[in-house]
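Participant: You'll find target-v9.tsv just under this line, and it carries TSV, C-alpha atoms.
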```
chain	number	residue	atom	x	y	z
P	1	MET	CA	5.29	31.98	26.86
P	2	GLY	CA	2.16	30.69	25.19
P	3	ASN	CA	-0.79	29.43	27.17
P	4	THR	CA	-1.18	26.20	25.21
P	5	PRO	CA	-1.76	23.21	27.46
P	6	ILE	CA	0.60	20.27	26.96
P	7	ARG	CA	-1.43	17.53	25.27
P	8	LYS	CA	-0.88	14.06	26.64
P	9	VAL	CA	0.30	11.68	23.92
P	10	PRO	CA	-1.81	8.50	24.00
P	11	MET	CA	0.52	5.54	24.56
P	12	ARG	CA	-0.26	1.92	23.70
P	13	LYS	CA	1.67	-1.32	24.12
P	14	CYS	CA	2.76	-3.46	21.19
P	15	VAL	CA	1.43	-6.98	21.83
P	16	ALA	CA	4.51	-8.54	20.16
P	17	THR	CA	7.39	-6.60	21.72
P	18	GLN	CA	5.65	-5.44	24.94
P	19	GLU	CA	7.11	-1.95	24.36
P	20	ARG	CA	5.06	1.20	24.79
P	21	PHE	CA	4.79	3.63	21.87
P	22	PRO	CA	2.73	6.68	20.94
P	23	LYS	CA	-0.52	5.40	19.40
P	24	LYS	CA	0.41	6.94	16.02
P	25	GLU	CA	3.44	4.64	15.72
P	26	LEU	CA	1.33	1.49	16.06
P	27	ILE	CA	-1.25	-0.20	13.87
P	28	ARG	CA	-4.49	-1.52	15.37
P	29	ILE	CA	-5.78	-4.99	14.54
P	30	VAL	CA	-9.40	-5.61	15.50
P	31	ARG	CA	-11.63	-8.61	16.09
P	32	THR	CA	-15.00	-7.23	15.05
P	33	PRO	CA	-18.21	-8.07	16.94
P	34	GLU	CA	-18.96	-10.48	14.04
P	35	GLY	CA	-15.69	-12.31	14.74
P	36	ASN	CA	-13.72	-11.12	11.69
P	37	VAL	CA	-10.13	-9.94	12.06
P	38	ILE	CA	-9.35	-6.68	10.26
P	39	ILE	CA	-6.49	-4.17	10.07
P	40	ASP	CA	-7.96	-0.96	11.47
P	41	GLU	CA	-6.07	1.88	9.82
P	42	SER	CA	-8.48	4.52	11.18
P	43	GLY	CA	-8.06	3.29	14.76
P	44	LYS	CA	-11.79	3.66	15.31
P	45	ALA	CA	-13.35	0.33	14.25
P	46	ASN	CA	-15.70	-1.42	16.67
P	47	GLY	CA	-14.45	-4.51	18.41
P	48	ARG	CA	-11.56	-5.79	20.48
P	49	GLY	CA	-8.31	-4.16	19.40
P	50	ALA	CA	-4.64	-4.98	19.78
P	51	TYR	CA	-1.72	-2.77	18.79
P	52	LEU	CA	1.33	-3.81	16.83
P	53	ARG	CA	4.48	-1.80	16.10
P	54	LYS	CA	4.73	-0.77	12.46
P	55	SER	CA	7.68	-3.03	11.65
P	56	VAL	CA	8.25	-6.28	9.78
P	57	ASP	CA	10.09	-7.62	12.86
P	58	ALA	CA	7.11	-7.00	15.16
P	59	VAL	CA	4.77	-8.73	12.68
P	60	ALA	CA	7.13	-11.73	12.46
P	61	LEU	CA	7.39	-11.91	16.25
P	62	ALA	CA	3.61	-11.69	16.68
P	63	ARG	CA	3.17	-14.46	14.13
P	64	LYS	CA	5.78	-16.68	15.80
P	65	THR	CA	4.59	-16.22	19.39
P	66	GLY	CA	0.87	-16.01	18.65
P	67	ALA	CA	0.72	-12.69	20.55
P	68	LEU	CA	-2.05	-11.27	18.34
P	69	ALA	CA	-4.14	-14.42	18.59
P	70	LYS	CA	-3.83	-14.30	22.39
P	71	ALA	CA	-4.66	-10.60	22.59
P	72	LEU	CA	-7.72	-10.90	20.33
P	73	GLU	CA	-8.71	-14.35	21.62
P	74	THR	CA	-9.18	-15.71	18.10
P	75	GLU	CA	-7.24	-17.26	15.23
P	76	ILE	CA	-5.45	-14.72	13.03
P	77	PRO	CA	-5.72	-15.48	9.29
P	78	ALA	CA	-2.36	-15.71	7.49
P	79	GLU	CA	-3.54	-12.97	5.08
P	80	ILE	CA	-3.54	-10.47	7.96
P	81	TYR	CA	0.14	-11.14	8.73
P	82	ASP	CA	0.96	-11.10	5.01
P	83	ARG	CA	-0.79	-7.75	4.50
P	84	LEU	CA	0.93	-6.23	7.54
P	85	THR	CA	4.32	-7.43	6.33
P	86	GLU	CA	3.65	-5.89	2.89
P	87	MET	CA	2.53	-2.60	4.50
P	88	PHE	CA	5.71	-2.24	6.57
P	89	ARG	CA	8.17	-3.53	4.00
P	90	GLY	CA	7.74	-0.38	1.89
```
Show me this structure written as structure tokens.

Facilitator:
Amino acid sequence: MGNTPIRKVPMRKCVATQERFPKKELIRIVRTPEGNVIIDESGKANGRGAYLRKSVDAVALARKTGALAKALETEIPAEIYDRLTEMFRG
């Protein structure tokens, strides 16, 4: 038996589906301190972040319910939803 400690997997909640997933399975959307909304692929950008499951369905649900806008307390530009949909359609 090895002596490697069991690493805790960081879990985050998808703002659209309210399900918990390992952080790696989610994409982070950030409202920067300047008030811009960006897709944070590194997961390290400054600002208020919200996590979304990497699926077209989750993006559609977030768009319909306004879950991202609520979580980030700002309007979400349509381009953000469009880019996310393109990213996950592949």

Participant: Let me make sure I understand: among P:Ile76, P:Ile29, P:Cys14, P:Val59, which one has the smallest atom-to-atom distance to Ala45 of chain P if we use only C-alpha atoms?

Facilitator: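 Among the listed residues, the smallest separation from Ala45 of chain P belongs to P:Ile29.
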
Participant: Kindly indicate which residue among P:Lys64, P:Arg53, P:Lys70, P:Lys44 lies nearest to Lys13 of chain P, using only C-alpha atoms for the distances.

Facilitator: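 Using only C-alpha atoms, the shortest distance to Lys13 of chain P belongs to P:Arg53.
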
Participant: Measuring between all atoms listed in the file, which one of P:Lys54, P:Arg20, P:Arg48, P:Arg12 shows the shortest distance to Leu72 of chain P?

Facilitator: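 With all atoms listed in the file as the atom set, the closest residue is P:Arg48.
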
Participant: Which is closer to Glu34 of chain P than all the others in P:Glu79, P:Thr74, P:Leu61, P:Thr85, using all atoms listed in the file?

Facilitator: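 Looking only at the distances to Glu34 of chain P, the closest residue turns out to be P:Thr74.
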
Participant: How many Å separate atom CA of Tyr81 of chain P from atom CA of Gly43 of chain P?

Facilitator: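 Going from atom CA of Tyr81 of chain P over to atom CA of Gly43 of chain P, I get 17.7 Å.
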
Participant: Would you compute the distance between atom CA of Pro5 of chain P and atom CA of Arg28 of chain P? Give it in Å to one decimal.

Facilitator: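 These two atoms are separated by 27.7 Å.
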
Participant: For a test of reading the model, state the distance in Å between atom CA of Met11 of chain P and atom CA of Arg31 of chain P, rounded to one decimal.

Facilitator: 20.5 Å

Participant: Residues near Arg83 of chain P, anyone? I mean within 9 Å using all atoms listed in the file, not counting same-chain ones fewer than 5 positions away, as a VMD selection string.

Facilitator: chain P and resid 39 78 88

Participant: Could you write out that same residue set with C-alpha atoms as a compact mmCIF listing (two decimals), keeping the file's coordinate frame?

Facilitator:
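Saved the output as result.txt:
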```txt
# COMPACT_ATOMS: atom_id res chain seq x y z
CA ILE P 39 -6.49 -4.17 10.07
CA ALA P 78 -2.36 -15.71 7.49
CA PHE P 88 5.71 -2.24 6.57
```

Participant: Using only C-alpha atoms, which of the listed residues (P:Val15, P:Leu84, P:Val37, P:Ala62) sits closest to Ala50 of chain P?

Facilitator: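 Residue with the minimum atom-to-atom distance to Ala50 of chain P: P:Val15.
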
Participant: Measuring between all atoms listed in the file, which one of P:Pro10, P:Asn3, P:Ala58, P:Glu73 shows the shortest distance to Asn36 of chain P?

Facilitator: P:Glu73

Participant: With a distance cut-off of 8 Å and all atoms listed in the file, select the neighbouring residues of Arg89 of chain P, excluding the residue or stretch itself and same-chain residues fewer than 3 positions from it, and output the selection as a list in words.

Facilitator: Ser55, Val56, Thr85 and Glu86 of chain P
